[in-house]
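Visitor: Just dropping this structure here.
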Amino acid sequence: MRRISILFLLCTAALALHAQRLPDTVTPHHYILKFTPDLKAAKFAGEETIHGDINRPTKDIVLNALEIEFQQVTVQALPGGAVQTAKVALDPQKEMATLSVDQELPKGPVEIKIKYTGILNDQLRGLYLSKGEGRNYATTQMEPTDARRAFPGWDEPAYKAPFDISVVADTGDTAISNSRIAKDEPGPGPGKHTITFAPTPKMSTYLVALAVGDWKCQEGTQDGIPIRICATPDKAHLLGEALAAAKSIQHYYNQWYAPKYISPKLDVLAVPDFSAGAMENTAAIFYREVLLFYDAKTTSSSLQKTVWDVLAHEQAHMWFGDLVTMQWWNDIWLNEGFATWMSSKPVRAAHPEWNNQIDEVDSATNAMAVDSLVATRPIRQDATTSQEIGELFDGIAYEKTAAVLRMLEGYEGPQVFQKGTNDYLAAHKYGNATAEDFWGAQTAASRKPIDKVMASFVLQPGVPLVSVDAKCSAGKTDVAITQQRFFSDRLAMDKGSEQLWQVPTCLKYGTKGKSETKCELVTAKQATITLPACADWVYANADARGYYRAAYSPASYKQLMTAAASLLPQERLALVDNQWALVRSGRSDVGDFLQLTEALRTDRGRALWENLNARLNTINRYLTTVEDKANFRTFVASLYRPMIAELGYTKRADDSTDTQQLRREVFNGLALVAEDPDAIAKAKELTQQEIKQPGSVDAELLSVAVAGAARFGDAALYDQYLVAMKQEKEPERHYNFVYGLTLFRQPELVKRSFELVEGPDIRNQDATGFVNSLVGDPYNQQQAWELFKSDWPALEKKMSSYVRGESVRVAGSFCDAGMRDDAKQFFASKGNPQSRTARQTMERINSCIDLKQQQQPKLSAWMAQHGGSKARAAR
C-alpha cells in the first residue's frame with residue numbers, strides 16, 4: 001500500500017477458493033437491476049433483466065452466482081421466441097449457476113429475467129450490511145469477484161455492459177450508485193420510495209456500486225462536473241477538505257489525460273464498515289472513513305497526505321481500470337500500478353512542499369522487499385480461482401508496477417510517456433486491454449524498445465542487483481556493470497539465478513565539484529558505461545528512479561561515502577535501504593550498516609529517518625542479546641537526542657510538513673526503539689493530556705505517545721484507552737487508542753484485548769489489523785499466539801472479510817524455528833490453502849532466523865568495539 005499499505009493489504013474482500021472461468025456461451029450487453037434491501041432483517045430481494053447474445057446454440061446458460069436464492073428464472077430468445085422457465089443448478093464451489101431450458105436457444109439475442117433473494121452479510125463483500133451510529137446501512141464491495149453475491153451475472157472483467165439500477169429504500173433514506181438519480185418516486189407501499197438511476201456507461205461487474213442510508217454530502221463543481229463527498233450524518237462536518245482535494249485532483253487529471261472525465265458526476269462516499277482502503281466504482285468511489293476525513297487544523301500532516309494520495313489513486317482509476325479495463329485479472333497491474341504511479345502527480349502539483357517524490361522511492365523500496373523473496377511473483381501472474389485472483393492485489397501489482405513505470409517515464413521522457421499513455425487510453429476507451437497493448441503504445445510513441453524493457457520486468461519475477469565498479473583511466477571513467485537477480489535469502493543469493501533484465505541504468509557522478517548523469521540501457525549480464533571524465537565518485541541510481549538494487553566495489557563505495565551528504569534526499573534514502581538489503585542477503589555486515597547510520601546522524605531528512613527507524617527497530621528486536629540491548633538502545637538514543645533538542649516536542653508555526661514528520665520519527669525512535677526514559681515520560685504526559693482534553697495534542701505525535709504510554713501502562717490506563725477510543729470523534733485519533741490497546745505488556749491485558757476483538761467494539765474491518773498487532777508485539781508474542789490459536793473459531797469469523805488464507809500473515813513477525821513450525825502446523829490443520837501468502841510468510845520467518853544467526857554475533861562485536869564509547873557519550 002505505498003505509505004497507504006492498507007490500500008493494497010486490504011483492498012479485496014473474502015474470497016472462496018474454487019471459482020473458475022465462465023464458458024463463452026453467452027455475452028451480456030445490458031443489465032437492469034432492482035434491489036429491495038431490508039436493513040432490519042439484513043436481507044434483500046432482487047429483480048434482474050439481462051439482455052445479451054447466445055454465441056452458439058445451447059440449452060444451458062452458465063453465469064456467476066453465490067449466496068443467491070433463485071425464486072424465478074425465465075429465458076426468451078429474441079425476437080419472438082417462447083418464454084421458457086429455467087431450472088437452476090447451483091455450484092457453490094465454482095460460484096456458478098446453470099440455467100437450463102427444455103428448448104434449445106438459437107444463436108442470437110436473448111433476454112433473461114431473474115427474481116432472487118440474498119443476504120446483507122456482515123463479511124463486507126457483495127451487497128452487505130454496515131452499521132453506524134445506531135442504525136444499519138446497505139453498501140457494496142464487488143472487487144474482485146463478489147458482484148455475484150449481489151446479482152447473478154457474468155462476473156469477469158471482460159464482460160463490460162451498461163447497467164440500469166434502481167433501489168427501493170425507506171422514506172428518509174437516499175441511495176448512491178454509479179449514475180445520477182434520474183427519478184425518485186413514492187412506493188411501492190407506505191414508508192418506501194423507489195430511486196432510479198440513469199444508465200451507466202459500459203463497465204465491468206466489479207465496478208457496480210450501491211449504498212443505501214441517510215447519507216449527507218458536501219457538493220462542489222469542477223470543470224463542469226458535480227463532485228460530492230458523502231458520509232453518515234455524524235461525520236458530515238469532516239468532508240470539506242476532501243472535497244477541495246477531489247476538485248484539485250480532478251482538474252489536474254482533466255489536463256493530463258487526453259480523454260476527459262467521461263461520467264456526468266463523481267461521488268465519494270465513506271462508509272462505517274469497509275474492507276478495502278477505497279474502491280474505484282465508476283463515478284462512485286467508496287471509502288473507509290479514516291482515509292477520507294480530516295481537519296487541516298487538527299489532523300496529522302501524515303494523514304492529510306494519505307487522504308490526498310488515496311483520492312488521487314482512486315480518481316486515477318476512472319481512466320485506468322474504469323474507462324479502460326484489463327482483459328483478465330492477470331493484468332490487474334494495468335489498473336492498480338498505473339493508479340499508484342499516477343497518484344503522485346496531482347498531489348505534487350497541489351502540494352510541492354510535501355516532497356512526495358521521496359515517498360515514491362520509499363514505495364519502490366517496499367516493493368523491492370517483497371520482490372526479493374524467492375516466493376515473489378511476476379507482475380503478470382496467471383490466476384483462475386477467486387483465491388488466486390485475490391492474492392494479486394499485493395505490493396507487486398501496486399508498488400512494483402508504479403516503480404517500473406516511474407523508471408520508464410524517466411527513460412522515455414515525461415511528455416513522450418504521457419503521449420504513449422493517452423494513445424493507449426484512446427485506443428481502448430470503454431473496452432479491455434492487455435499488457436501488450438500498453439507497451440506497444442509506449443514503444444510506438446518513444447521509438448525505444450519499451451516492449452522489451454517492460455517484458456523483462458513484467459513477465460519475470462524479482463528485482464535486479466546492479467553491481468558497480470568504477471575505475472579512472474586516461475581521463476575517463478569505465479564503470480563495470482554486472483546484473484543478477486537479488487534475493488533477501490542468503491542461500492538463494494549464493495545459488496544465484498540466470499535471469500536478465502533490460503535495465504535503464506542511470507549513473508550519477510561527481511567531477512570537479514559538479515554532478516552529472518549518464519544513462520544507458522544495460523541488456524547483458526556484464527556491461528561497461530564510460531563516463532567522459534575521471535569521476536570522484538559514482539552513484540548507481542540517479543534520482544533513485546531505477547527499479548534495481550545497487551552494490552558497489554569497496555573502492556567505489558568508499559568514494560561514494562565522501563559525497564553521500566550531497567546526494568538528493570531520495571538518493572540517500574535509496575542508498576540506506578540498499579545497504580540494509582545487502583545486510584539481509586548476507587553481502588554486508590550489520591556493523592557496516594551502523595557505520596553508515598553514524599555517518600548520516602546529522603541528516604535531517606524525514607524519509608531517511610523513517611527508514612532508519614524501521615531498521616534500528618529490527619536490530620533491537622531480533623539481533624540484540626540481553627547483554628547488548630542496553631548499550632544498543634543507548635546508541636540509538638545518541639542518534640535522536642540531538643535532534644529532539646533541535647526540534648522540541650511542540651509544533652512551531654513555521655514547521656514544514658517534513659519537519660513535523662521528522663519530529664514524529666525522532667519521538668518514535670526515542671520512545672519505542674531506545675525506550676528513553678525522558679521520551680517515555682513525555683509519551684505518558686501527552687497521552688493523559690489527550691484523554692482529558694480530546695483533540696489537544698499534536699496529532700503527529702499522538703500515535704507515538706499513545707503507543708509509548710501503553711508499553712509501560714497498567715490496567716487503569718487500559719481502561720482509560722477503552723473510554724478514549726469511544727469519545728474520540730475524529731477517526732485518526734480514535735484509531736490511535738484502538739491500536740494502543742494492542743501494546744500493553746501485562747499478560748492479563750493481552751487476554752482482555754483478545755476478548756475485546758471478539759466483541760462489537762472492534763469492527764470486522766479492523767479485526768485483522770488489531771489481531772496482527774497483538775501477535776506481532778514481541779513482548780508477549782508467545783502468549784498472544786497461544787490465545788490466537790485457542791480463540792481461532794471466533795477470530796476466524798471476525799477476520800474473514802479478507803482473502804482466505806491471509807490470516808497466516810499473523811505469524812509474519814516470528815523469528816523462531818519452534819514458533820514457525822507451530823504456525824505451519826496450525827494453519828495446515830485449519831485447512832488454509834498453501835497460498836503464495838503462506839509461502840512468503842514462512843520465507844520471511846526463515847530469513848529472520850538466518851539473519852539472527854548470521855548477524856547477532858557481528859552486532860555483539862560491533863557493540864563491544866563501539867557501543868561503550870557511544871553509551872558514555874550519550875550519557
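Residues in the C-alpha cells are named by chain (A, B, ... in the order shown) and by number from 1 within that chain; ligands are numbered from 1 in the order shown.
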Using only C-alpha atoms, determine which residues lie at most 12 Å from A:Ile529, disregarding the query and same-chain residues fewer than 2 positions distant; provide the list as a ChimeraX atom specification.
Guide: /A:468-472,476-482,504-509,517-522,526-527,531-533,538,540
Visitor: Show me, as a Markdown table, the residues of stretch 9-107 of chain A having an atom within 12 Å of stretch 197-214 of chain A, each with the closest atom pair and its distance in Å, using only C-alpha atoms.
Guide:
```
| residue | atom | partner | partner_atom | distance |
| --- | --- | --- | --- | --- |
| A:Thr12 | CA | A:Tyr206 | CA | 11.2 |
| A:Ala13 | CA | A:Tyr206 | CA | 11.6 |
| A:Pro28 | CA | A:Ser204 | CA | 10.8 |
| A:His29 | CA | A:Lys202 | CA | 8.7 |
| A:His30 | CA | A:Lys202 | CA | 8.6 |
| A:Tyr31 | CA | A:Pro199 | CA | 9.6 |
| A:Ile32 | CA | A:Pro199 | CA | 9.1 |
| A:Leu33 | CA | A:Phe197 | CA | 10.3 |
| A:Lys34 | CA | A:Phe197 | CA | 10.3 |
| A:Phe35 | CA | A:Leu210 | CA | 9.3 |
| A:Thr36 | CA | A:Val212 | CA | 10.1 |
| A:Pro37 | CA | A:Val212 | CA | 8.4 |
| A:Asp38 | CA | A:Val212 | CA | 10.5 |
| A:Leu39 | CA | A:Val212 | CA | 9.1 |
| A:Phe44 | CA | A:Val212 | CA | 11.8 |
| A:Asn64 | CA | A:Thr205 | CA | 10.8 |
```
Visitor: Quote the spacing between atom CA of A:Ala564 and atom CA of A:Asp603 in Å to one decimal place.
Guide: 10.2 Å
Visitor: Please provide as a ChimeraX atom specification all residues within 8 Å of A:Phe151, with the sequence filter that same-chain residues fewer than 3 positions apart are discarded (counting only C-alpha atoms).
Guide: /A:46,48,65,68,147-148
Visitor: Using only C-alpha atoms, pick whichever of A:Asn772, A:Asn121, A:Thr659, A:Thr85 has the shortest atom-to-atom distance to A:Glu67.
Guide: A:Asn121
Visitor: Please return, as a VMD selection string, all residues of stretch 157-353 of chain A that DSSP assigns to strand (DSSP E or B) on the basis of the backbone.
Guide: chain A and resid 161 163 to 170 174 to 177 181 to 186 192 to 197 203 210 to 213 216 to 222 225 to 231 266 to 271 278 to 279 284 to 288 320 324 to 326
Visitor: Between atom CA of A:Glu646 and atom CA of A:Ala671, measure the distance and give it in Å to one decimal.
Guide: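 Atom CA of A:Ala671 lies at a distance of 16.8 Å from atom CA of A:Glu646.
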Visitor: Could you list, as a ChimeraX atom specification, every residue within 12 Å of A:Val271, counting only C-alpha atoms and ignoring same-chain residues fewer than 5 positions away?
Guide: /A:124,128-133,136-141,176,210-216,229-236,276-279,285-293,765
Visitor: At a cut-off of 12 Å, using only C-alpha atoms, what residues contact A:His351? Leave out same-chain residues fewer than 3 positions from it and give the result as a list of chain:residue names.
Guide: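 The contact residues come out as A:Ala245, A:Ser248, A:Ile249, A:Ser301, A:Gln304, A:Lys305, A:Trp308, A:Asp309, A:Ser344, A:Lys345, A:Pro346, A:Val347, A:Arg348, A:Trp354, A:Asn355, A:Asn356, A:Gln357, A:Ser656, A:Thr657.
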Visitor: Keeping only N, CA, C and O atoms, write those residues as a compact mmCIF listing (two decimals), in the first residue's frame.
Guide:
```txt
# COMPACT_ATOMS: atom_id res chain seq x y z
N ALA A 245 -9.76 18.63 -2.08
CA ALA A 245 -8.73 17.77 -2.68
C ALA A 245 -9.25 17.11 -3.94
O ALA A 245 -8.57 17.07 -4.97
N SER A 248 -9.34 19.52 -6.88
CA SER A 248 -8.00 19.81 -7.39
C SER A 248 -7.46 18.66 -8.22
O SER A 248 -6.91 18.85 -9.31
N ILE A 249 -7.64 17.45 -7.73
CA ILE A 249 -7.16 16.26 -8.43
C ILE A 249 -7.89 16.08 -9.76
O ILE A 249 -7.27 15.78 -10.79
N SER A 301 -0.23 15.83 9.55
CA SER A 301 0.15 16.04 8.15
C SER A 301 0.30 14.71 7.42
O SER A 301 0.05 14.62 6.22
N GLN A 304 -3.16 13.80 6.28
CA GLN A 304 -3.57 14.70 5.21
C GLN A 304 -2.96 14.25 3.88
O GLN A 304 -3.65 14.22 2.85
N LYS A 305 -1.70 13.90 3.90
CA LYS A 305 -1.05 13.39 2.68
C LYS A 305 -1.71 12.10 2.22
O LYS A 305 -1.92 11.88 1.02
N TRP A 308 -5.08 12.77 0.42
CA TRP A 308 -4.84 13.22 -0.95
C TRP A 308 -4.36 12.06 -1.82
O TRP A 308 -4.79 11.90 -2.97
N ASP A 309 -3.46 11.27 -1.30
CA ASP A 309 -2.86 10.20 -2.09
C ASP A 309 -3.89 9.16 -2.48
O ASP A 309 -3.93 8.71 -3.63
N SER A 344 0.76 10.35 -7.55
CA SER A 344 1.70 11.34 -7.01
C SER A 344 1.66 12.66 -7.78
O SER A 344 2.01 13.71 -7.24
N LYS A 345 1.23 12.63 -9.03
CA LYS A 345 1.34 13.81 -9.89
C LYS A 345 0.40 14.95 -9.45
O LYS A 345 0.86 16.08 -9.25
N PRO A 346 -0.90 14.72 -9.31
CA PRO A 346 -1.74 15.83 -8.86
C PRO A 346 -1.44 16.27 -7.44
O PRO A 346 -1.62 17.45 -7.10
N VAL A 347 -0.99 15.34 -6.60
CA VAL A 347 -0.65 15.71 -5.22
C VAL A 347 0.58 16.62 -5.22
O VAL A 347 0.61 17.64 -4.51
N ARG A 348 1.57 16.28 -6.01
CA ARG A 348 2.79 17.10 -6.07
C ARG A 348 2.48 18.47 -6.67
O ARG A 348 3.05 19.48 -6.24
N TRP A 354 5.21 18.91 0.12
CA TRP A 354 5.15 17.58 0.71
C TRP A 354 6.27 16.66 0.21
O TRP A 354 6.49 15.58 0.77
N ASN A 355 6.96 17.05 -0.85
CA ASN A 355 8.11 16.29 -1.35
C ASN A 355 7.77 14.82 -1.57
O ASN A 355 8.51 13.92 -1.17
N ASN A 356 6.66 14.57 -2.27
CA ASN A 356 6.25 13.17 -2.40
C ASN A 356 7.09 12.39 -3.40
O ASN A 356 6.91 11.18 -3.54
N GLN A 357 8.03 13.05 -4.09
CA GLN A 357 8.97 12.29 -4.91
C GLN A 357 9.81 11.37 -4.03
O GLN A 357 10.27 10.31 -4.48
N SER A 656 7.72 23.02 8.51
CA SER A 656 7.29 22.40 7.27
C SER A 656 6.65 21.05 7.57
O SER A 656 6.77 20.52 8.68
N THR A 657 5.97 20.50 6.58
CA THR A 657 5.40 19.17 6.75
C THR A 657 6.49 18.16 7.06
O THR A 657 6.33 17.28 7.93
```
Visitor: Using only C-alpha atoms, which of A:Leu459, A:Val307, A:Ala637, A:Ala683 sits nearest A:Arg377?
Guide: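 Closest candidate: A:Leu459.
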Visitor: Ranking A:Gln20, A:Asp658, A:Glu241, A:Val458 by minimum distance to A:Asp359 and counting only C-alpha atoms, which one comes first?
Guide: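 Distance minimum relative to A:Asp359 lands on A:Asp658.
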Visitor: With a distance cut-off of 6 Å and only C-alpha atoms, select the neighbouring residues of A:Thr171, excluding the residue or stretch itself and same-chain residues fewer than 4 positions from it, and output the selection as a list in words.
Guide: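 Returned residues: Gly191, Lys192 and His193 of chain A.
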Visitor: For those residues, write all heavy atoms to a file as an mmCIF file, in the first residue's frame.
Guide:
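Output (out26.cif):
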```
data_model
loop_
_atom_site.group_PDB
_atom_site.id
_atom_site.type_symbol
_atom_site.label_atom_id
_atom_site.label_comp_id
_atom_site.auth_asym_id
_atom_site.auth_seq_id
_atom_site.Cartn_x
_atom_site.Cartn_y
_atom_site.Cartn_z
ATOM 1 N N GLY A 191 -44.088 4.110 3.512
ATOM 2 C CA GLY A 191 -42.755 4.187 4.097
ATOM 3 C C GLY A 191 -41.638 3.844 3.152
ATOM 4 O O GLY A 191 -40.503 3.654 3.590
ATOM 5 N N LYS A 192 -41.927 3.759 1.842
ATOM 6 C CA LYS A 192 -40.902 3.396 0.859
ATOM 7 C C LYS A 192 -40.901 4.395 -0.291
ATOM 8 O O LYS A 192 -41.901 5.059 -0.577
ATOM 9 C CB LYS A 192 -41.175 1.995 0.285
ATOM 10 C CG LYS A 192 -41.157 0.875 1.301
ATOM 11 C CD LYS A 192 -39.756 0.587 1.813
ATOM 12 C CE LYS A 192 -39.744 -0.605 2.766
ATOM 13 N NZ LYS A 192 -38.382 -0.887 3.283
ATOM 14 N N HIS A 193 -39.760 4.495 -0.960
ATOM 15 C CA HIS A 193 -39.701 5.211 -2.227
ATOM 16 C C HIS A 193 -38.703 4.493 -3.131
ATOM 17 O O HIS A 193 -37.802 3.788 -2.661
ATOM 18 C CB HIS A 193 -39.332 6.698 -2.029
ATOM 19 C CG HIS A 193 -37.948 6.945 -1.486
ATOM 20 N ND1 HIS A 193 -37.085 7.839 -2.049
ATOM 21 C CD2 HIS A 193 -37.289 6.431 -0.412
ATOM 22 C CE1 HIS A 193 -35.961 7.887 -1.349
ATOM 23 N NE2 HIS A 193 -36.066 7.041 -0.351
#
```
Visitor: Excluding A:Asn578 and its own-chain neighbours fewer than 5 positions away, which residues fall within 9 Å of it when counting only C-alpha atoms? Please give them as a ChimeraX atom specification.
Guide: /A:365,549-551,573,583
Visitor: Please report the interatomic distance between atom CA of A:Leu99 and atom CA of A:Ala86 in Å with one decimal.
Guide: 5.5 Å
Visitor: What parts of stretch 182-400 of chain A does DSSP call helix (DSSP H, G or I)? I'd like the answer as a ChimeraX atom specification.
Guide: /A:205-207,233-238,240-256,289-291,301-316,329-331,333-350,352-354,356-371,386-390,396-400
Visitor: Could you make a table, as a tab-separated table, of the residues of stretch 309-357 of chain A that have an atom within 10 Å of an atom of stretch 402-408 of chain A, each with its nearest atom pair and distance in Å to one decimal, counting only C-alpha atoms, in chain and number order?
Guide:
```
residue	atom	partner	partner_atom	distance
A:Trp333	CA	A:Ala402	CA	8.8
A:Leu334	CA	A:Ala402	CA	9.9
A:Glu336	CA	A:Ala402	CA	8.4
A:Gly337	CA	A:Ala402	CA	4.9
A:Phe338	CA	A:Ala402	CA	6.2
A:Ala339	CA	A:Ala402	CA	8.0
A:Thr340	CA	A:Ala402	CA	5.7
A:Trp341	CA	A:Ala402	CA	4.3
A:Met342	CA	A:Ala402	CA	8.0
A:Ser343	CA	A:Ala402	CA	9.7
```
Visitor: Against stretch 589-599 of chain A, which residues of stretch 611-713 of chain A fall within 12 Å? For each one I want the closest pair of atoms and the distance in Å (one decimal), counting only C-alpha atoms, rows by chain and increasing residue number, as a tab-separated table.
Guide:
```
residue	atom	partner	partner_atom	distance
A:Asn611	CA	A:Thr597	CA	10.8
A:Leu612	CA	A:Thr597	CA	7.7
A:Asn613	CA	A:Thr597	CA	10.5
A:Arg615	CA	A:Phe593	CA	9.5
A:Leu616	CA	A:Leu594	CA	8.8
A:Thr618	CA	A:Val590	CA	11.1
A:Ile619	CA	A:Val590	CA	8.5
A:Asn620	CA	A:Val590	CA	11.7
A:Leu623	CA	A:Val590	CA	9.4
A:Thr624	CA	A:Val590	CA	11.3
A:Phe632	CA	A:Leu594	CA	10.6
A:Phe635	CA	A:Glu598	CA	9.7
A:Val636	CA	A:Glu598	CA	9.9
A:Ser638	CA	A:Glu598	CA	9.8
A:Leu639	CA	A:Glu598	CA	7.7
A:Tyr640	CA	A:Glu598	CA	11.2
```
